[in-house]
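File shown: target.cif (mmCIF, C-alpha atoms).
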```
data_run
loop_
_atom_site.label_atom_id
_atom_site.label_comp_id
_atom_site.auth_asym_id
_atom_site.auth_seq_id
_atom_site.Cartn_x
_atom_site.Cartn_y
_atom_site.Cartn_z
CA MET N 1 8.08 18.82 -37.94
CA GLN N 2 5.54 16.48 -36.36
CA THR N 3 5.07 16.35 -32.59
CA ASN N 4 4.34 12.91 -31.14
CA LYS N 5 2.14 12.09 -28.15
CA LYS N 6 5.01 11.78 -25.66
CA GLN N 7 6.42 15.14 -26.73
CA ILE N 8 3.02 16.78 -26.17
CA ILE N 9 2.74 15.20 -22.70
CA TYR N 10 6.29 16.30 -21.89
CA MET N 11 5.70 19.93 -22.98
CA ASN N 12 2.46 20.15 -21.02
CA ILE N 13 4.18 18.81 -17.93
CA LEU N 14 7.00 21.32 -18.25
CA LYS N 15 4.45 24.15 -18.36
CA LEU N 16 2.60 22.89 -15.30
CA THR N 17 5.79 22.11 -13.39
CA ALA N 18 6.84 25.75 -13.58
CA ALA N 19 3.74 26.71 -11.62
CA LEU N 20 3.71 23.74 -9.23
CA LEU N 21 4.25 24.44 -5.55
CA ILE N 22 7.04 22.18 -4.30
CA LEU N 23 7.38 21.73 -0.58
CA SER N 24 10.08 19.94 1.36
CA PRO N 25 9.31 17.45 4.16
CA ILE N 26 10.93 19.82 6.68
CA GLN N 27 8.65 22.68 5.64
CA LEU N 28 5.64 20.41 6.02
CA LEU N 29 6.56 19.44 9.60
CA ALA N 30 7.22 22.95 10.86
CA GLN N 31 3.92 23.16 12.75
CA GLU N 32 3.46 21.05 15.86
CA GLY N 33 0.65 18.73 14.86
CA PHE N 34 -2.28 19.08 12.49
CA GLN N 35 -5.70 20.66 12.93
CA LEU N 36 -8.56 19.86 10.63
CA LYS N 37 -11.56 22.13 11.11
CA GLY N 38 -14.71 21.20 9.22
CA ASN N 39 -18.04 22.83 8.51
CA ALA N 40 -21.18 21.05 7.34
CA PRO N 41 -24.90 21.82 6.99
CA LYS N 42 -26.76 21.45 10.30
CA LYS N 43 -28.86 18.68 8.76
CA PHE N 44 -25.77 16.52 9.26
CA ASP N 45 -25.55 17.18 13.03
CA GLY N 46 -24.99 13.95 14.92
CA LYS N 47 -23.41 12.20 11.94
CA LYS N 48 -19.87 10.84 12.04
CA VAL N 49 -16.76 11.65 10.06
CA TYR N 50 -13.80 9.23 10.15
CA LEU N 51 -10.11 9.92 9.54
CA ASP N 52 -7.50 7.27 8.69
CA TYR N 53 -3.82 8.17 8.45
CA THR N 54 -0.35 6.79 9.17
CA LYS N 55 2.03 7.63 11.99
CA GLU N 56 5.44 6.02 12.49
CA GLY N 57 4.42 3.20 10.16
CA PHE N 58 1.21 2.34 12.01
CA SER N 59 -2.37 2.89 10.88
CA MET N 60 -4.20 5.49 12.93
CA ALA N 61 -7.97 5.91 13.06
CA ASP N 62 -10.03 8.73 14.53
CA SER N 63 -13.64 9.90 14.36
CA ALA N 64 -15.61 13.06 15.06
CA ILE N 65 -19.30 13.82 15.46
CA ILE N 66 -20.69 16.86 13.67
CA LYS N 67 -22.12 19.31 16.24
CA ASN N 68 -23.69 22.64 15.37
CA GLY N 69 -22.42 22.22 11.85
CA LYS N 70 -18.80 21.73 12.90
CA PHE N 71 -16.28 18.94 13.48
CA THR N 72 -12.57 18.89 14.36
CA PHE N 73 -9.62 16.51 14.15
CA THR N 74 -6.25 17.10 15.80
CA GLY N 75 -3.10 15.02 15.96
CA MET N 76 0.46 14.77 14.72
CA VAL N 77 2.22 12.91 11.91
CA ASP N 78 5.93 12.18 11.68
CA GLU N 79 5.86 12.92 7.94
CA PRO N 80 3.22 13.82 5.33
CA ALA N 81 1.23 10.79 4.17
CA TYR N 82 -1.67 9.83 1.94
CA SER N 83 -4.78 9.75 4.13
CA ARG N 84 -8.49 9.05 3.92
CA MET N 85 -11.58 10.71 5.36
CA VAL N 86 -14.96 8.97 5.33
CA PHE N 87 -18.36 10.61 5.87
CA ASP N 88 -21.30 8.54 7.11
CA PRO N 89 -24.39 10.75 6.59
CA GLU N 90 -26.85 7.86 6.95
CA GLY N 91 -25.39 6.36 10.12
CA LYS N 92 -24.54 3.01 8.50
CA GLY N 93 -21.23 2.63 10.36
CA LYS N 94 -17.68 2.94 9.08
CA MET N 95 -17.38 -0.66 7.86
CA MET N 96 -20.32 -0.16 5.50
CA VAL N 97 -19.12 3.06 3.90
CA GLN N 98 -15.32 3.09 4.01
CA ASN N 99 -14.79 1.32 0.68
CA ASN N 100 -17.54 2.72 -1.51
CA GLY N 101 -19.22 5.50 0.44
CA ASP N 102 -18.55 9.24 0.60
CA ARG N 103 -14.75 9.47 0.86
CA LEU N 104 -11.97 11.97 0.36
CA TYR N 105 -8.32 11.08 -0.19
CA PHE N 106 -5.68 13.72 0.53
CA TYR N 107 -2.21 14.30 1.96
CA LEU N 108 -2.07 14.99 5.68
CA GLY N 109 0.81 17.00 7.15
CA ASN N 110 1.22 19.04 10.32
CA GLU N 111 -0.80 21.97 9.03
CA THR N 112 -4.16 23.62 9.59
CA TYR N 113 -6.89 22.48 7.22
CA LYS N 114 -10.25 24.12 6.74
CA MET N 115 -12.87 21.94 5.12
CA ALA N 116 -16.35 22.89 3.94
CA ILE N 117 -18.84 20.10 3.25
CA LYS N 118 -21.94 21.11 1.28
CA ASP N 119 -23.61 18.02 -0.14
CA SER N 120 -20.78 15.49 0.09
CA LEU N 121 -17.31 15.04 1.51
CA SER N 122 -15.87 14.01 -1.85
CA THR N 123 -16.68 17.43 -3.34
CA SER N 124 -15.74 19.47 -0.27
CA LYS N 125 -13.21 22.27 -0.52
CA ILE N 126 -10.01 22.29 1.55
CA THR N 127 -8.24 25.59 2.21
CA GLY N 128 -5.40 26.78 4.43
CA SER N 129 -2.98 23.95 3.61
CA ALA N 130 0.00 24.55 1.33
CA LEU N 131 0.48 20.78 1.18
CA HIS N 132 -3.05 20.24 -0.10
CA ASP N 133 -2.66 23.01 -2.67
CA SER N 134 0.50 21.31 -3.90
CA TYR N 135 -1.19 17.91 -3.95
CA THR N 136 -4.17 19.11 -6.03
CA LYS N 137 -1.78 20.61 -8.59
CA TYR N 138 0.15 17.33 -8.71
CA ILE N 139 -3.05 15.35 -9.27
CA ALA N 140 -4.10 17.74 -12.04
CA GLU N 141 -0.71 17.21 -13.65
CA ILE N 142 -0.82 13.41 -13.72
CA GLY N 143 -4.48 13.29 -14.70
CA SER N 144 -6.46 11.93 -11.76
CA ASP N 145 -6.36 10.55 -8.24
CA PHE N 146 -5.83 6.77 -8.17
CA MET N 147 -9.01 6.07 -6.21
CA SER N 148 -11.10 8.26 -8.51
CA ILE N 149 -10.12 6.02 -11.41
CA ILE N 150 -10.90 2.90 -9.37
CA ASP N 151 -14.31 4.29 -8.38
CA GLY N 152 -15.07 5.11 -12.01
CA ALA N 153 -14.20 1.59 -13.09
CA ASN N 154 -16.30 0.03 -10.31
CA LYS N 155 -19.33 2.10 -11.34
CA GLU N 156 -19.04 0.94 -14.92
CA PHE N 157 -18.60 -2.69 -13.86
CA ALA N 158 -21.66 -2.44 -11.59
CA ALA N 159 -23.75 -1.02 -14.45
CA VAL N 160 -23.23 -4.14 -16.56
CA LYS N 161 -26.14 -6.55 -16.29
CA ALA N 162 -24.72 -9.88 -15.18
CA ASP N 163 -27.17 -11.80 -17.37
CA ALA N 164 -26.42 -9.73 -20.49
CA PRO N 165 -25.37 -11.98 -23.40
CA ASP N 166 -22.28 -9.84 -23.97
CA ALA N 167 -21.46 -9.26 -20.29
CA ASN N 168 -17.94 -10.72 -20.59
CA GLU N 169 -17.22 -8.53 -23.61
CA GLN N 170 -18.43 -5.46 -21.71
CA TYR N 171 -16.24 -6.33 -18.72
CA ALA N 172 -13.23 -6.80 -21.01
CA ALA N 173 -13.86 -3.43 -22.69
CA ILE N 174 -14.07 -1.69 -19.32
CA ARG N 175 -10.81 -3.30 -18.14
CA GLU N 176 -9.07 -2.27 -21.36
CA LYS N 177 -10.37 1.30 -21.00
CA TYR N 178 -9.15 1.70 -17.44
CA ASP N 179 -5.86 -0.11 -18.04
CA ALA N 180 -5.19 2.54 -20.68
CA LYS N 181 -6.10 5.31 -18.21
CA PHE N 182 -3.64 3.95 -15.66
CA GLU N 183 -0.90 3.53 -18.26
CA THR N 184 -1.29 7.15 -19.41
CA ARG N 185 -1.23 8.23 -15.77
CA ARG N 186 1.98 6.26 -15.15
CA GLU N 187 3.68 7.92 -18.12
CA LYS N 188 2.92 11.31 -16.58
CA GLU N 189 4.01 10.13 -13.12
CA PHE N 190 7.36 8.99 -14.48
CA LEU N 191 7.96 12.33 -16.18
CA PHE N 192 6.90 14.16 -13.03
CA ALA N 193 9.45 12.26 -10.93
CA GLN N 194 12.18 12.97 -13.49
CA ASN N 195 11.39 16.69 -13.52
CA ASN N 196 10.70 17.19 -9.77
CA PRO N 197 13.49 15.64 -7.68
CA ASN N 198 12.58 17.81 -4.66
CA SER N 199 8.89 16.91 -4.56
CA ILE N 200 7.54 14.46 -1.99
CA PHE N 201 5.00 13.36 -4.61
CA SER N 202 7.79 12.01 -6.83
CA ILE N 203 8.06 9.02 -4.50
CA ASP N 204 4.39 8.10 -4.81
CA ALA N 205 4.69 8.57 -8.55
CA LEU N 206 7.66 6.19 -8.78
CA LYS N 207 6.05 3.61 -6.48
CA ASP N 208 3.05 3.44 -8.80
CA VAL N 209 5.22 3.25 -11.92
CA ALA N 210 7.27 0.48 -10.26
CA ASN N 211 4.19 -1.76 -10.21
CA LYS N 212 4.47 -2.07 -14.00
CA ARG N 213 7.99 -1.07 -15.03
CA LYS N 214 11.23 -2.84 -14.22
CA LEU N 215 12.88 -1.58 -11.07
CA SER N 216 16.09 -1.18 -13.05
CA GLU N 217 14.30 1.59 -15.00
CA ILE N 218 13.10 3.21 -11.78
CA GLU N 219 16.48 3.18 -10.01
CA PRO N 220 18.25 6.04 -11.88
CA VAL N 221 15.27 8.36 -11.42
CA PHE N 222 15.07 7.41 -7.75
CA LEU N 223 18.78 8.05 -7.22
CA ALA N 224 18.37 11.52 -8.73
CA LEU N 225 15.82 12.54 -6.08
CA SER N 226 16.95 14.90 -3.35
CA LYS N 227 18.47 13.44 -0.20
CA GLU N 228 15.63 14.92 1.83
CA VAL N 229 12.95 13.21 -0.26
CA ARG N 230 14.81 9.89 -0.20
CA GLN N 231 14.70 9.94 3.61
CA LEU N 232 10.89 9.64 3.63
CA THR N 233 9.52 6.28 4.80
CA SER N 234 7.91 5.57 1.44
CA ALA N 235 11.22 6.35 -0.28
CA ARG N 236 13.11 3.95 1.97
CA GLU N 237 10.51 1.29 1.14
CA LEU N 238 11.01 1.83 -2.58
CA GLU N 239 14.79 1.74 -2.14
CA ALA N 240 14.43 -1.59 -0.30
CA ARG N 241 12.37 -2.97 -3.22
CA ILE N 242 15.10 -1.90 -5.65
CA LEU N 243 17.78 -3.58 -3.54
CA ALA N 244 15.63 -6.69 -3.00
CA ASP N 245 15.16 -7.02 -6.75
CA LYS N 246 18.95 -7.25 -7.07
CA MET N 247 19.80 -9.29 -3.98
CA ILE N 248 16.92 -11.60 -3.02
CA LYS N 249 17.23 -14.42 -5.53
CA ILE N 250 17.71 -18.16 -5.48
CA GLY N 251 21.25 -18.86 -4.32
CA SER N 252 21.62 -15.60 -2.41
CA LYS N 253 21.80 -15.22 1.36
CA ALA N 254 18.40 -14.63 2.98
CA PRO N 255 18.40 -11.22 4.70
CA ASP N 256 18.02 -11.48 8.46
CA PHE N 257 15.22 -9.70 10.32
CA ALA N 258 13.62 -9.82 13.75
CA GLN N 259 9.91 -9.47 14.51
CA PRO N 260 7.72 -10.14 17.57
CA ASP N 261 5.70 -13.32 17.72
CA MET N 262 2.15 -13.52 19.08
CA ASP N 263 3.49 -13.29 22.64
CA GLY N 264 5.84 -10.40 21.91
CA LYS N 265 9.02 -12.51 21.82
CA MET N 266 11.47 -11.44 19.11
CA VAL N 267 12.16 -14.09 16.46
CA LYS N 268 14.98 -13.86 13.88
CA VAL N 269 15.57 -15.65 10.60
CA SER N 270 19.06 -16.48 11.84
CA ASP N 271 17.49 -18.44 14.72
CA PHE N 272 16.81 -21.21 12.16
CA LEU N 273 20.36 -21.68 10.88
CA GLY N 274 21.01 -25.42 10.67
CA GLN N 275 17.51 -26.31 9.43
CA TYR N 276 15.19 -25.61 6.54
CA VAL N 277 12.72 -22.78 7.12
CA LEU N 278 9.92 -21.56 4.88
CA ILE N 279 9.40 -17.80 5.30
CA ASP N 280 5.74 -17.30 4.42
CA PHE N 281 4.28 -13.80 3.93
CA TRP N 282 0.50 -13.74 4.30
CA ALA N 283 -2.42 -11.86 5.87
CA SER N 284 -5.70 -12.73 7.56
CA TRP N 285 -7.64 -10.84 4.87
CA CYS N 286 -5.86 -12.56 1.96
CA GLY N 287 -8.23 -15.08 0.35
CA PRO N 288 -5.56 -17.00 -1.62
CA CYS N 289 -3.40 -17.20 1.53
CA ARG N 290 -6.23 -18.69 3.57
CA ALA N 291 -7.08 -21.10 0.74
CA GLU N 292 -3.48 -22.33 0.68
CA ASN N 293 -3.28 -22.84 4.47
CA PRO N 294 -4.81 -26.36 4.59
CA HIS N 295 -2.23 -27.56 2.07
CA LEU N 296 0.53 -25.89 4.07
CA VAL N 297 -0.67 -27.59 7.26
CA LYS N 298 -0.43 -31.03 5.59
CA ALA N 299 3.08 -30.29 4.32
CA TYR N 300 4.15 -29.06 7.75
CA GLU N 301 2.80 -32.15 9.52
CA LYS N 302 4.65 -34.38 7.05
CA TYR N 303 8.01 -32.62 7.05
CA LYS N 304 8.24 -31.02 10.51
CA PRO N 305 9.64 -34.29 11.96
CA LYS N 306 12.28 -34.23 9.21
CA GLY N 307 13.47 -30.71 10.06
CA LEU N 308 11.14 -28.23 8.36
CA GLU N 309 10.04 -25.06 10.15
CA ILE N 310 7.70 -22.33 8.95
CA LEU N 311 8.10 -18.68 9.89
CA ALA N 312 4.87 -16.91 8.94
CA VAL N 313 5.05 -13.14 8.61
CA SER N 314 1.66 -11.42 8.68
CA ILE N 315 1.22 -8.10 6.90
CA ASP N 316 -1.91 -7.30 8.90
CA ASP N 317 -1.77 -3.85 10.47
CA ASN N 318 -2.32 -2.88 14.09
CA LYS N 319 -6.09 -2.60 13.53
CA GLY N 320 -6.07 -6.16 12.22
CA ARG N 321 -4.23 -7.78 15.14
CA ASN N 322 -7.31 -9.63 16.41
CA ALA N 323 -8.16 -10.80 12.91
CA TRP N 324 -4.59 -12.10 12.53
CA LEU N 325 -4.73 -14.05 15.80
CA LYS N 326 -8.18 -15.42 14.95
CA ALA N 327 -7.06 -16.55 11.49
CA VAL N 328 -4.12 -18.45 13.03
CA GLU N 329 -6.53 -20.22 15.39
CA ASP N 330 -9.32 -20.81 12.86
CA ASP N 331 -6.97 -22.24 10.24
CA GLY N 332 -5.06 -24.34 12.81
CA LEU N 333 -1.61 -23.07 11.93
CA PRO N 334 0.85 -24.65 14.43
CA TRP N 335 4.06 -22.96 13.28
CA ILE N 336 5.77 -19.71 14.32
CA HIS N 337 3.93 -16.44 13.59
CA VAL N 338 5.36 -12.93 13.70
CA ALA N 339 4.18 -9.44 12.75
CA ASP N 340 5.13 -5.84 13.44
CA LEU N 341 1.54 -4.84 12.51
CA LYS N 342 2.57 -2.15 10.02
CA GLY N 343 0.57 -3.57 7.13
CA TRP N 344 2.36 -3.28 3.77
CA SER N 345 5.06 -1.30 5.56
CA ASN N 346 6.00 -4.41 7.56
CA ASP N 347 9.78 -4.14 7.90
CA ALA N 348 10.38 -7.73 6.78
CA ALA N 349 8.04 -7.39 3.78
CA VAL N 350 9.81 -4.18 2.77
CA LEU N 351 13.21 -5.85 3.19
CA TYR N 352 12.17 -8.73 0.91
CA GLY N 353 10.43 -6.46 -1.60
CA VAL N 354 7.07 -8.16 -1.05
CA ARG N 355 4.27 -6.45 -2.99
CA GLY N 356 1.71 -9.24 -2.96
CA VAL N 357 0.69 -12.20 -0.84
CA PRO N 358 0.97 -15.12 -0.54
CA GLN N 359 4.72 -15.03 -1.10
CA ASN N 360 7.28 -17.42 0.38
CA TYR N 361 10.99 -18.29 0.41
CA LEU N 362 12.56 -21.64 1.29
CA ILE N 363 15.83 -21.14 3.18
CA ASP N 364 18.40 -23.94 3.54
CA PRO N 365 20.41 -24.73 6.72
CA THR N 366 23.22 -22.39 5.62
CA GLY N 367 20.83 -19.46 5.29
CA ASN N 368 20.63 -19.40 1.48
CA ILE N 369 17.43 -19.05 -0.55
CA VAL N 370 16.82 -22.28 -2.49
CA ALA N 371 13.28 -21.71 -3.82
CA VAL N 372 10.61 -19.02 -4.00
CA ASN N 373 6.82 -18.89 -4.37
CA LEU N 374 6.13 -22.51 -3.46
CA ARG N 375 2.43 -23.28 -3.41
CA GLY N 376 0.35 -26.38 -4.02
CA GLU N 377 2.14 -29.03 -6.05
CA LYS N 378 5.28 -26.89 -6.40
CA LEU N 379 5.69 -26.95 -2.60
CA ASP N 380 5.26 -30.74 -2.49
CA VAL N 381 7.81 -31.31 -5.25
CA GLU N 382 10.43 -29.04 -3.65
CA LEU N 383 10.02 -30.52 -0.17
CA GLU N 384 10.24 -34.07 -1.54
CA LYS N 385 13.53 -33.09 -3.22
CA VAL N 386 14.85 -31.78 0.11
CA PHE N 387 13.52 -34.36 2.55
CA GLY N 388 12.55 -37.34 0.41
CA GLN N 389 9.18 -39.11 0.52
#
```
As C-alpha cells - that is how I would like this structure written.
Amino acid sequence: MQTNKKQIIYMNILKLTAALLILSPIQLLAQEGFQLKGNAPKKFDGKKVYLDYTKEGFSMADSAIIKNGKFTFTGMVDEPAYSRMVFDPEGKGKMMVQNNGDRLYFYLGNETYKMAIKDSLSTSKITGSALHDSYTKYIAEIGSDFMSIIDGANKEFAAVKADAPDANEQYAAIREKYDAKFETRREKEFLFAQNNPNSIFSIDALKDVANKRKLSEIEPVFLALSKEVRQLTSARELEARILADKMIKIGSKAPDFAQPDMDGKMVKVSDFLGQYVLIDFWASWCGPCRAENPHLVKAYEKYKPKGLEILAVSIDDNKGRNAWLKAVEDDGLPWIHVADLKGWSNDAAVLYGVRGVPQNYLIDPTGNIVAVNLRGEKLDVELEKVFGQ
C-alpha cells in the first residue's frame, strides 16, 4: 500500500508529539515574574541588548548594557507571549538593527532563563526554561520559526542583482519557493493544533493557518482546544475573528465599542446613531492608509455638511502614540480619532476581525453596516448614492 505525503507528515507528527513537552498557561505563570540572565564575551562589554514583549495587551520595551560579560532582564507577563530580543554589537542603535540585525525570537513566560551568547544572539543557547524547551520542540515539529523563513527569503531577494535581465523571473522563483515553505509549515501547524488541544502553541498555529484557510475550517479545531488554552488573549482574538467572519457583514448590526480619543475621552459607535459614520481602521505606519488620506479628506469636506462622520481607529501601539498624533496633524485629518494603543490587539480591530489596514465600514443611521472597504472611486460612488451629488 502506498503512503502519500500527508500520511508521512501525519505519522512523523504523531511520533514527535509523543515526546513533546506540553505546558499549561497556569504552570507557566507559577513563578512571580521572569528573570533572564545572560552571558557574553567581554569584548561585548558596553554594548546593548534590547527586549520587546507584551503585557496586558501593550507592547513593552526594555534594554540592558553588558557589563563584565553579563546582562539581566527582569519583569512580569500576564501570560506567555512571543517575544523578541535584539543585540546591537556595533552600537548602531535599536532602530537600525531591530528588523534585520542580530535577533532572537522566543516565548517569554514567568520563568528563569539562562542565555549564553558566543558570537551572536541568534545562535545563543537558552537553558533553564521549560517553556523554551517546549517551544523549540514545537518549532522543530512544524519545520521552522516564521521569522527564520522571512530572513531566508530576504537574503535571497537581496542577492538578486536589480539590473539582471532575468531579475523579475528570479524574484518570482524566490516567492514561489518560500510560498511553498509556508504552505508546508501551515499543514504541519494545522495537524499540530488538531493533535495538541492542551498546548498554548496550538493557538499560534491556528492563527497562522487562518491567514490562508477559511475560518469555517479553523473553527472546529479551535472549539476542540482546552478551555484553559482558549482563555489566552491570542485565543480570544482568534475567536473574535471567527465570530466576526459570521456576523460582520453588509446588512448586519455594527458591533458597538468604546475607545479613548486623543484627549482620553471615551467615544462609542452608538454615539453616532441617527447619522452615517465611516469606521476607518488605519495606522500611522501604513503607507496605503496615508496615501488614501487626502482622498478621504476631500470626501469628508464634501459630505460632512450632509451628515457624514468618520471615526478613525488607529492600530498604532503605545510606543507609536506620538507617531499617531503626528500623522493626524501632518495629514490634516479633522474627524474623530480613537485608539487603545494595543497595536493589532486593538479591542475594536479584534472585534471587527481586522487583519489588514486600511479597512473601513460604512454604518447607516440605524446602526447597520451598508458597505465595506470603500476607497478611492468606490467611496465616492457609495457616498453619492447615500447623500447625492
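With all atoms listed in the file as the atoms that count, the residue of N:Asp316, N:Glu111, N:Glu79, N:Glu309 with the shortest distance to Trp344 in chain N is N:Asp316.
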Checklist entry - Any idea what's packed within 10 Å of range 150-167 of chain N, counting only C-alpha atoms, ignoring anything in its chain fewer than 2 positions away? Could you give it as a list of chain:residue names? => result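 Contacts, with the query itself left out: N:Asn99, N:Asn100, N:Asp145, N:Phe146, N:Met147, N:Ser148, N:Glu169, N:Gln170, N:Tyr171, N:Ala172, N:Ala173, N:Ile174, N:Arg175, N:Lys177, N:Tyr178, N:Asp179, N:Phe182.
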Item to check | Selection dump of the PyMOL selection byres ((chain N and resi 283) around 12), as an MDAnalysis selection string | outcome: chainID N and resid 280:282 284:293 312:317 320:328 337:339 341:344 346 349 356:359
Checklist entry - Hey, what comes out of the PyMOL selection byres ((chain N and resi 135) around 12) on this file? Could you write it as a ChimeraX atom specification? => result /N:20-23,80-82,105-109,126,129-134,136-142,144-145,199-202,204-205
Next on the checklist: Which residues are close to Ala348 in chain N, i.e. within 8 Å by all atoms listed in the file, leaving aside same-chain residues fewer than 2 positions away? Reply as a ChimeraX atom specification.
Outcome noted: /N:257-259,313,346,350-352
Item to check | Spatial neighbours of His295 in chain N, max dist 10 Å, only C-alpha atoms, sep filter under 6 positions, as a PyMOL selection string | outcome: chain N and resi 375-377+379-380
Item to check | Explicit residues for the PyMOL selection byres ((chain N and resi 361) around 6) (as a PyMOL selection string) | outcome: chain N and resi 278-279+360+362+371-372
Checklist entry - In Å, with one decimal, what is the gap from CA of Leu273 in chain N to CA of Asp364 in chain N? => result 7.9 Å
Checklist entry - Can you list, as a VMD selection string, every protein, DNA or RNA residue that comes within 7 Å of Asp45 in chain N when you count all atoms listed in the file, leaving out same-chain residues fewer than 6 positions away? => result chain N and resid 66 to 69
Write the selection just made, keeping C-alpha atoms, as a JSON list (two decimals), in the frame of the given file?
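Full text of again-v5.json as output:
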```json
[["chain", "number", "residue", "atom", "x", "y", "z"],
["N", 66, "ILE", "CA", -20.69, 16.86, 13.67],
["N", 67, "LYS", "CA", -22.12, 19.31, 16.24],
["N", 68, "ASN", "CA", -23.69, 22.64, 15.37],
["N", 69, "GLY", "CA", -22.42, 22.22, 11.85]]
```
Next on the checklist: Report as a list in words all protein, DNA and RNA residues lying within 7 Å of Arg241 in chain N, evaluated on only C-alpha atoms, omitting residues in the same chain fewer than 4 positions from it.
Outcome noted: Glu237, Asp245, Val350 and Gly353 of chain N
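Of note, CA of Ser59 in chain N and CA of Arg236 in chain N are spaced 17.9 Å apart.
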Checklist entry - Between N:Met96, N:Leu206, N:Leu232, N:Leu225, which one has atoms that come closest to Glu56 in chain N, using all atoms listed in the file? => result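 Checking each candidate against Glu56 in chain N, we get N:Leu232 as the closest.
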Item to check | Between CA of Gly75 in chain N and CA of Val49 in chain N, distance in Å (one decimal) | outcome: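 Calculated distance between CA of Gly75 in chain N and CA of Val49 in chain N is 15.3 Å.
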Next on the checklist: Just checking: using all atoms listed in the file, which residue out of N:Asn39, N:Ser216, N:Thr127, N:Asn373 ends up closest to Ala244 in chain N?
Outcome noted: N:Ser216
